[in-house]
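Okay, structure first, notes after.
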Amino acid sequence: MTSGVPRLEASADPDASAAPVLEKAACILSAFEGRRPTLSLTDVVRHTGLSRTTVHRLMGQLVELGWLGKDGRRYFLGLGLLELGAFASHHNRLRRAALPHLIALHEATGHWVQLFVQDGAEVLCLEQIGDPRRSSLPYQVGTRLPVHCTAAGKALLAFGGATAVERLLAGRLLPRTRNTLIRGNALRSELATVHSTGVAYDREECFQGVTCVAAPLRGSGRALAAVSLSRGPGPGDLDRLARQVARCAGATWALLFDSSRRFEEARREVAEPVRDSDAESVMAWLFFSEWE
């Protein structure tokens with residue numbers, strides 16, 4: 001395995017190097033790419049070309065962060081790095097599974113569609129599909145938004161357990177627009193509705209002029225992510241769009257956990273018109289299964 005992080009060239013005064021602290025830390029971590037699972041301080045100094053003082057100081061900080069572990073005088077890669085790697089791998093797998101369905105949903109509706117995951121009091125946009133020639137959104141992939149005033153955030157909160165909701169409400173909910181719900185009881189009531197219907201709405205609560213509908217990716221447990229569709233203001237056809245968003249979330253979940261599902265079958269399922277009988281069966285499977 002190679003990280004692309006070069007060994008810093010040794011000099012008469014290694015600490016005078018212009019390399020930023022992060023580059024030095026990355027260089028130290030790259031020393032653990034060899035066959036030996038543990039290294040001594042001297043081993044890392046030899047690999048990096050940094051001074052012993054710098055290596056000792058930075059490795060101490062990396063141990064505190066959990067990115068390195070220490071057993072006596074030997075160092076090894078810590079669980080913190082493994083957790084970060086697993087997190088990134090999980091997001092990549094999730095994005096790959098969702099992408100064909102997000103594209104199909106966009107083609108079927110003409111609206112922007114997104115994939116969000118929750119990170120504490122925020123949601124993170126992992127993917128976004130739309131046509132910038134027809135419309136634009138005030139956020140993009142990588143943007144973090146408050147969980148309490150986004151459709152995706154409410155879809156995730158409603159299926160995330162009461163503890164997470166109360167933890168959020170213990171803090172101060174800041175308004176983004178005049179429509180933002182910032183009172184605890186009002187948000188609790190809306191989340192109860194989301195839990196019973198399986199779809200969440202953002203009626204210009206996060207951005208003026210933008211309405212959204214979202215559905216969680218879940219089977220019978222906590223929501224893994226949420227599919228969201230964004231459009232302009234006004235009620236319009238949000239209820240019909242909600243059904244298509246729910247189908248997209250369900251198809252993505254099925255693809256994540258059913259490797260035999262063919263892409264074209266799932267794509268047609270999202271794009272075709274929704275019959276009432278189909279909607280009822282999807283809603284019953286996706287939305288009303290017990291959470292805990």
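Letters A, B, ... mark the chains of the structure tokens in the order given; residue numbers begin at 1 per chain; ligand numbers begin at 1, in order shown.
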Neighbours of A:Val117 within 7 Å (only C-alpha atoms; same-chain residues fewer than 6 positions away dropped), as an MDAnalysis selection string?
chainID A and resid 123:125 225:226
Write the residues of the preceding selection, restricted to C-alpha atoms, as a PDB file, in the first residue's frame.
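Once written, part_21.pdb looks like this:
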ATOM      1  CA  VAL A 123     -26.632  16.298   7.586  1.00  0.00           C
ATOM      2  CA  LEU A 124     -23.905  15.865   4.991  1.00  0.00           C
ATOM      3  CA  CYS A 125     -24.688  15.814   1.265  1.00  0.00           C
ATOM      4  CA  ALA A 225     -29.258   7.706   5.081  1.00  0.00           C
ATOM      5  CA  ALA A 226     -31.991   9.710   3.376  1.00  0.00           C
TER       6      ALA A 226
END
Could you pull out the strand (DSSP E) residues of stretch 89-156 of chain A, going by DSSP on the backbone, and write them as an NGL selection string?
:A and (112-119 or 122-129 or 144-146)
Would you write out those residues with N, CA, C and O atoms, as a PDB file, in the first residue's frame?
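The resulting file, out-v9.pdb, is reproduced below:
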ATOM      1  N   TRP A 112     -33.982  18.278  -8.684  1.00  0.00           N
ATOM      2  CA  TRP A 112     -32.717  17.916  -8.035  1.00  0.00           C
ATOM      3  C   TRP A 112     -32.980  16.837  -6.987  1.00  0.00           C
ATOM      4  O   TRP A 112     -33.963  16.902  -6.251  1.00  0.00           O
ATOM      5  N   VAL A 113     -32.099  15.866  -6.922  1.00  0.00           N
ATOM      6  CA  VAL A 113     -32.198  14.824  -5.897  1.00  0.00           C
ATOM      7  C   VAL A 113     -30.849  14.699  -5.197  1.00  0.00           C
ATOM      8  O   VAL A 113     -29.799  14.932  -5.795  1.00  0.00           O
ATOM      9  N   GLN A 114     -30.898  14.325  -3.920  1.00  0.00           N
ATOM     10  CA  GLN A 114     -29.684  14.264  -3.112  1.00  0.00           C
ATOM     11  C   GLN A 114     -29.684  13.032  -2.223  1.00  0.00           C
ATOM     12  O   GLN A 114     -30.736  12.460  -1.932  1.00  0.00           O
ATOM     13  N   LEU A 115     -28.509  12.675  -1.771  1.00  0.00           N
ATOM     14  CA  LEU A 115     -28.323  11.623  -0.776  1.00  0.00           C
ATOM     15  C   LEU A 115     -27.633  12.258   0.426  1.00  0.00           C
ATOM     16  O   LEU A 115     -26.568  12.877   0.284  1.00  0.00           O
ATOM     17  N   PHE A 116     -28.239  12.107   1.607  1.00  0.00           N
ATOM     18  CA  PHE A 116     -27.704  12.702   2.826  1.00  0.00           C
ATOM     19  C   PHE A 116     -27.443  11.629   3.883  1.00  0.00           C
ATOM     20  O   PHE A 116     -28.158  10.627   3.959  1.00  0.00           O
ATOM     21  N   VAL A 117     -26.433  11.867   4.713  1.00  0.00           N
ATOM     22  CA  VAL A 117     -26.217  11.088   5.925  1.00  0.00           C
ATOM     23  C   VAL A 117     -26.144  12.071   7.088  1.00  0.00           C
ATOM     24  O   VAL A 117     -25.854  13.252   6.902  1.00  0.00           O
ATOM     25  N   GLN A 118     -26.410  11.559   8.285  1.00  0.00           N
ATOM     26  CA  GLN A 118     -26.393  12.414   9.472  1.00  0.00           C
ATOM     27  C   GLN A 118     -25.043  12.353  10.159  1.00  0.00           C
ATOM     28  O   GLN A 118     -24.410  11.306  10.250  1.00  0.00           O
ATOM     29  N   ASP A 119     -24.605  13.504  10.634  1.00  0.00           N
ATOM     30  CA  ASP A 119     -23.396  13.597  11.443  1.00  0.00           C
ATOM     31  C   ASP A 119     -23.700  14.549  12.592  1.00  0.00           C
ATOM     32  O   ASP A 119     -23.550  15.760  12.463  1.00  0.00           O
ATOM     33  N   GLU A 122     -25.982  17.787  12.179  1.00  0.00           N
ATOM     34  CA  GLU A 122     -25.948  18.200  10.775  1.00  0.00           C
ATOM     35  C   GLU A 122     -26.206  17.004   9.867  1.00  0.00           C
ATOM     36  O   GLU A 122     -26.045  15.851  10.269  1.00  0.00           O
ATOM     37  N   VAL A 123     -26.603  17.310   8.639  1.00  0.00           N
ATOM     38  CA  VAL A 123     -26.632  16.298   7.586  1.00  0.00           C
ATOM     39  C   VAL A 123     -25.584  16.683   6.553  1.00  0.00           C
ATOM     40  O   VAL A 123     -25.343  17.870   6.293  1.00  0.00           O
ATOM     41  N   LEU A 124     -24.956  15.676   5.979  1.00  0.00           N
ATOM     42  CA  LEU A 124     -23.905  15.865   4.991  1.00  0.00           C
ATOM     43  C   LEU A 124     -24.396  15.365   3.644  1.00  0.00           C
ATOM     44  O   LEU A 124     -24.895  14.239   3.532  1.00  0.00           O
ATOM     45  N   CYS A 125     -24.257  16.190   2.608  1.00  0.00           N
ATOM     46  CA  CYS A 125     -24.688  15.814   1.265  1.00  0.00           C
ATOM     47  C   CYS A 125     -23.601  14.964   0.604  1.00  0.00           C
ATOM     48  O   CYS A 125     -22.510  15.457   0.328  1.00  0.00           O
ATOM     49  N   LEU A 126     -23.914  13.682   0.372  1.00  0.00           N
ATOM     50  CA  LEU A 126     -22.960  12.772  -0.251  1.00  0.00           C
ATOM     51  C   LEU A 126     -23.039  12.793  -1.771  1.00  0.00           C
ATOM     52  O   LEU A 126     -22.041  12.546  -2.457  1.00  0.00           O
ATOM     53  N   GLU A 127     -24.227  13.054  -2.306  1.00  0.00           N
ATOM     54  CA  GLU A 127     -24.405  13.043  -3.756  1.00  0.00           C
ATOM     55  C   GLU A 127     -25.545  13.978  -4.124  1.00  0.00           C
ATOM     56  O   GLU A 127     -26.474  14.189  -3.333  1.00  0.00           O
ATOM     57  N   GLN A 128     -25.470  14.529  -5.341  1.00  0.00           N
ATOM     58  CA  GLN A 128     -26.490  15.463  -5.804  1.00  0.00           C
ATOM     59  C   GLN A 128     -26.602  15.334  -7.326  1.00  0.00           C
ATOM     60  O   GLN A 128     -25.590  15.384  -8.025  1.00  0.00           O
ATOM     61  N   ILE A 129     -27.821  15.123  -7.804  1.00  0.00           N
ATOM     62  CA  ILE A 129     -28.067  14.968  -9.232  1.00  0.00           C
ATOM     63  C   ILE A 129     -29.094  16.009  -9.665  1.00  0.00           C
ATOM     64  O   ILE A 129     -30.163  16.140  -9.064  1.00  0.00           O
ATOM     65  N   ARG A 144     -22.750  20.788   4.545  1.00  0.00           N
ATOM     66  CA  ARG A 144     -23.399  20.368   5.790  1.00  0.00           C
ATOM     67  C   ARG A 144     -24.530  21.344   6.106  1.00  0.00           C
ATOM     68  O   ARG A 144     -24.347  22.559   6.014  1.00  0.00           O
ATOM     69  N   LEU A 145     -25.681  20.799   6.486  1.00  0.00           N
ATOM     70  CA  LEU A 145     -26.848  21.604   6.787  1.00  0.00           C
ATOM     71  C   LEU A 145     -27.429  21.168   8.133  1.00  0.00           C
ATOM     72  O   LEU A 145     -27.247  20.016   8.544  1.00  0.00           O
ATOM     73  N   PRO A 146     -28.142  22.072   8.822  1.00  0.00           N
ATOM     74  CA  PRO A 146     -28.728  21.703  10.117  1.00  0.00           C
ATOM     75  C   PRO A 146     -29.735  20.577   9.972  1.00  0.00           C
ATOM     76  O   PRO A 146     -30.541  20.556   9.041  1.00  0.00           O
TER      77      PRO A 146
END
Using DSSP secondary structure from the backbone, list all alpha helix (DSSP H) positions within stretch 103-191 of chain A, as a PyMOL selection string.
chain A and resi 103-109+151-158+162-169+184-191
Tell me which protein, DNA and RNA residues are within 8 Å of A:Ala214, counting only C-alpha atoms, leaving out same-chain ones fewer than 5 positions away, and put them as a ChimeraX atom specification.
/A:151-152,155,199-201,226-229,242,245-246
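The spacing separating atom CA of A:Pro132 from atom CA of A:Leu157 amounts to 29.6 Å.
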